[in-house]
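Worksheet: the structure to be examined is printed underneath.
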Amino acid sequence: MIKLPSLSVKIPIPKKIVHAISSFAQKNDYAFLLVILTALASFTYLIYLENGLGLSYNDARSHLDIGRRVVEGLKPGFAQLGSVWLPLPHLLMVPTIWNDFMWHSGLAGAIQSIFSYIATSLIIYYYLKRIGVKLIPRLVGLAVFAFNMNILYLQSTAMTELLLLATMTAGCFEFLKWFQEKSLSSLVRMAFFVMLSTLIRYDGWFLFLTIAATLTGWMFVKKNYKTSEGYFLFYSTLAGFGIVLWFLWNLVIFKDPFYFAFGPYSAHSQQLQLEDAGVLVTKGDILFSMKVYMYALAYNSGAIFLILGLIGAVIFFKDKKRAAGEKIAALALFAPLLFNIIALYLGHSVLFIQGLSGNTWFNVRYGVMMVPSVAIFIGYLIHKAGYLKYAFIGVVLLISFIAFNTQDAVTIDDARVGSSQKNVSEVSGWLATNAKDREGFVLISAASHDAIIFSSGLPMKKFIHEGTGAYWDSAVLNPDRWARWIVMRTNDDNDLTFKSIKTTPGFKRFKKVESYPFADIYELDEKYLKDLITEPVLGKQR
């Protein structure tokens with residue numbers, strides 16, 4: 001019998017192999033991250049679509065309707081972009097919103113949010129790489145953003161937050177590159193991305209001012225007045241181009257360059273109504289404004305992540321090895337924080353935190369605007385933490401896993417049960433059942449009831465609203481000639497339909513067929529149907 005010698009095999013892994021694997025991973029990091037982020041974004045979009053959550057925000061349905069009205073309705077055209085919201089998100093919908101599935105699934109709007117989610121995640125990764133953060137802390141910083149449930153939910157919707165985050169973060173990244181390289185191309189790209197952000201939401205206007213101030217201030221200190229003036233003019237010409245266009249748009253379409261700011265559908269008008277109701281509690285109180293927004297930050301980023309991000313920011317700005325220019329560039333990351341606090345203080349914005357400012361949620365999603373900044377500073381904290389970095393990584397992974405597993409997202413609560421949603425299913429359901437296969441138009445104010453228009457599933461050309469020009473003008477004078485159904489809030493002059501028709505003789509020919517908490521439905525008496533106009537007869541309007 002032959003006795004075989006016992007074998008004790010040790011397979012050492014040479015440092016060269018470890019280095020080769022690490023090198024390969026870093027050289028192909030873009031491809032790996034792109035695949036993972038695309039898969040995660042697509043998966044979460046499908047989950048929220050299947051659960052019916054992708055369209056929970058009424059604003060998401062309104063955004064989709066605006067895009068749809070550009071290509072379909074009684075008066076289609078770019079004038080339907082209106083003045084309530086800035087135009088870029090709706091313009092990006094135009095190539096796909098004509099398709100009914102893309103419209104009613106919300107994908108026409110969600111697709112730009114998905115791309116923005118992927119882009120912002122990658123920009124965070126490369127921002128950290130630019131300031132010398134190693135691979136693992138870079139990935140952790142990316143994960144803080146990419147696995148945030150509020151971010152994942154919003155990227156599955158037709159809301160505008162993710163598109164804004166992508167453009168603003170890209171602008172901040174190019175600002176950093178400019179300080180490091182002083183290259184003209186970085187300055188141009190920075191101005192371009194800032195310009196895009198100014199066409200998405202007014203947060204971008206504040207970023208424009210923040211970068212203008214820091215850029216020109218820096219050049220004034222380092223060079224002279226003439227140089228700083230030249231940089232300001234060069235940057236502002238491109239970065240401010242979108243702002244100038246918006247003023248011109250309002251002047252040409254609405255005969256008032258400030259219509260978006262003070263018009264009847266503006267945020268200013270809405271805030272006045274809230275102030276009259278006594279719920280604009282942050283106005284004039286800077287400390288309470290700070291408190292409310294910090295709560296929104298904590299709910300959106302996670303309280304522990306917010307604390308870690310603040311620690312990381314302190315370490316970053318105290319780090320003597322960091323160039324002064326990099327620190328100046330990083331100030332742009334705080335633009336959303338300052339903008340939202342100032343807006344709350346001035347009464348230009350409203351944000352309800354349940355139990356703190358109101359008994360419900362409203363606009364709590366504004367807190368996501370600082371999540372990229374929190375992610376960047378957490379990545380930097382872990383990079384500088386030495387042996388403690390493993391503890392920090394463990395905390396980040398544990399919290400992210402728990403939040404991901406429990407679907408812990410305050411934005412979902414805001415969309416489903418907060419003031420950001422309105423239960424319009426009763427009204428839209430009635431229209432879907434009773435008006436779908438019957439001739440006649442629905443008279444309704446899109447400013448007040450866009451979510452009803454969307455949720456009804458009826459074609460846009462079925463509705464006469466304030467954006468339909470001569471159809472609206474004729475219908476509010478003689479509703480019995482143009483409308484078979486009227487949807488409005490009775491005895492509420494904030495509803496433009498009620499305000500316009502309440503004293504007309506034709507309104508007496510309608511009977512209230514349903515009354516719901518959010519709106520009432522009126523139907524024209526059958527004996528007047530013979531004189532009803534049921535087809536578009538006004539032709540193409542200018």
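For the structure tokens, the naming scheme is as follows: chains receive sequential letters (A, B, ...) according to their order of presentation, residues are indexed from 1 within each chain, and ligands are indexed from 1 in presentation order.
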
* Enumerate as a ChimeraX atom specification all residues of region 494-541 of chain A assigned to strand (DSSP E or B) by DSSP on the backbone, naming them with the chain letters and numbers the document uses. => /A:510-515,520-524

* All residues 12 Å or closer to Asp408 (chain A), only C-alpha atoms, same chain fewer than 6 positions away omitted, as a list of chain:residue names -> A:Phe147, A:Asn148, A:Met149, A:Asn150, A:Ile151, A:Leu152, A:Tyr153, A:Tyr299, A:Asn300, A:Ser301, A:Gly302, A:Ile399, A:Ser400, A:Phe401, A:Ile402

* Asked: Using only C-alpha atoms, which residues sit within 7 Å of Leu81 (chain A) once same-chain residues fewer than 6 positions away are excluded, as number ranges by chain?
  -> A: 66, 70, 87

* Taking into account only C-alpha atoms, which residue in the set A:Tyr471, A:Phe507, A:Phe377, A:Phe208 is nearest to Arg138 (chain A)? ->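 The answer is A:Phe377, which sits nearest to Arg138 (chain A).
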
Residues at most 8 Å from region 476-480 of chain A, counting only C-alpha atoms, excluding those fewer than 4 positions away in the same chain, as a PDB file with N, CA and C atoms, in the first residue's frame?
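Output contents, as saved in part-v6.pdb:
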ATOM      1  N   LEU A 443     -64.978  71.662 -19.928  1.00  0.00           N
ATOM      2  CA  LEU A 443     -64.446  72.973 -19.562  1.00  0.00           C
ATOM      3  C   LEU A 443     -63.797  72.853 -18.187  1.00  0.00           C
ATOM      4  N   TRP A 472     -61.353  78.834 -25.163  1.00  0.00           N
ATOM      5  CA  TRP A 472     -61.583  79.244 -23.775  1.00  0.00           C
ATOM      6  C   TRP A 472     -62.364  80.556 -23.721  1.00  0.00           C
ATOM      7  N   ARG A 484     -69.943  70.433 -22.579  1.00  0.00           N
ATOM      8  CA  ARG A 484     -70.965  69.482 -22.133  1.00  0.00           C
ATOM      9  C   ARG A 484     -70.788  69.201 -20.648  1.00  0.00           C
ATOM     10  N   THR A 497     -62.125  78.756 -13.743  1.00  0.00           N
ATOM     11  CA  THR A 497     -63.370  78.407 -14.427  1.00  0.00           C
ATOM     12  C   THR A 497     -64.568  78.976 -13.686  1.00  0.00           C
ATOM     13  N   SER A 500     -64.793  82.725 -13.927  1.00  0.00           N
ATOM     14  CA  SER A 500     -65.114  83.243 -15.259  1.00  0.00           C
ATOM     15  C   SER A 500     -66.565  83.023 -15.660  1.00  0.00           C
ATOM     16  N   ILE A 501     -67.201  81.955 -15.165  1.00  0.00           N
ATOM     17  CA  ILE A 501     -68.546  81.621 -15.670  1.00  0.00           C
ATOM     18  C   ILE A 501     -69.654  81.780 -14.638  1.00  0.00           C
ATOM     19  N   THR A 504     -72.497  84.011 -15.790  1.00  0.00           N
ATOM     20  CA  THR A 504     -72.992  83.928 -17.166  1.00  0.00           C
ATOM     21  C   THR A 504     -74.361  83.242 -17.200  1.00  0.00           C
ATOM     22  N   PRO A 505     -75.236  83.687 -18.083  1.00  0.00           N
ATOM     23  CA  PRO A 505     -76.559  83.049 -18.181  1.00  0.00           C
ATOM     24  C   PRO A 505     -76.467  81.577 -18.568  1.00  0.00           C
ATOM     25  N   GLY A 506     -75.488  81.227 -19.402  1.00  0.00           N
ATOM     26  CA  GLY A 506     -75.373  79.848 -19.864  1.00  0.00           C
ATOM     27  C   GLY A 506     -75.082  78.859 -18.763  1.00  0.00           C
ATOM     28  N   PHE A 507     -74.451  79.316 -17.680  1.00  0.00           N
ATOM     29  CA  PHE A 507     -74.118  78.407 -16.586  1.00  0.00           C
ATOM     30  C   PHE A 507     -75.371  77.864 -15.910  1.00  0.00           C
ATOM     31  N   ARG A 509     -77.811  76.628 -17.237  1.00  0.00           N
ATOM     32  CA  ARG A 509     -78.304  75.475 -17.975  1.00  0.00           C
ATOM     33  C   ARG A 509     -77.584  74.172 -17.593  1.00  0.00           C
ATOM     34  N   PHE A 510     -76.692  74.271 -16.648  1.00  0.00           N
ATOM     35  CA  PHE A 510     -75.962  73.087 -16.180  1.00  0.00           C
ATOM     36  C   PHE A 510     -76.516  72.638 -14.833  1.00  0.00           C
ATOM     37  N   LEU A 524     -74.365  69.628 -18.861  1.00  0.00           N
ATOM     38  CA  LEU A 524     -75.367  70.424 -19.554  1.00  0.00           C
ATOM     39  C   LEU A 524     -76.686  69.667 -19.633  1.00  0.00           C
ATOM     40  N   TYR A 528     -80.571  71.131 -24.068  1.00  0.00           N
ATOM     41  CA  TYR A 528     -79.754  72.134 -24.753  1.00  0.00           C
ATOM     42  C   TYR A 528     -78.646  71.504 -25.609  1.00  0.00           C
ATOM     43  N   LEU A 532     -75.216  72.425 -28.962  1.00  0.00           N
ATOM     44  CA  LEU A 532     -73.851  72.275 -28.433  1.00  0.00           C
ATOM     45  C   LEU A 532     -72.850  72.054 -29.564  1.00  0.00           C
TER      46      LEU A 532
END

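Nearest-residue note for Arg189 (chain A): choosing from A:Tyr235, A:Phe78, A:Phe404, A:Phe518, the minimum distance belongs to A:Tyr235, counting only C-alpha atoms.
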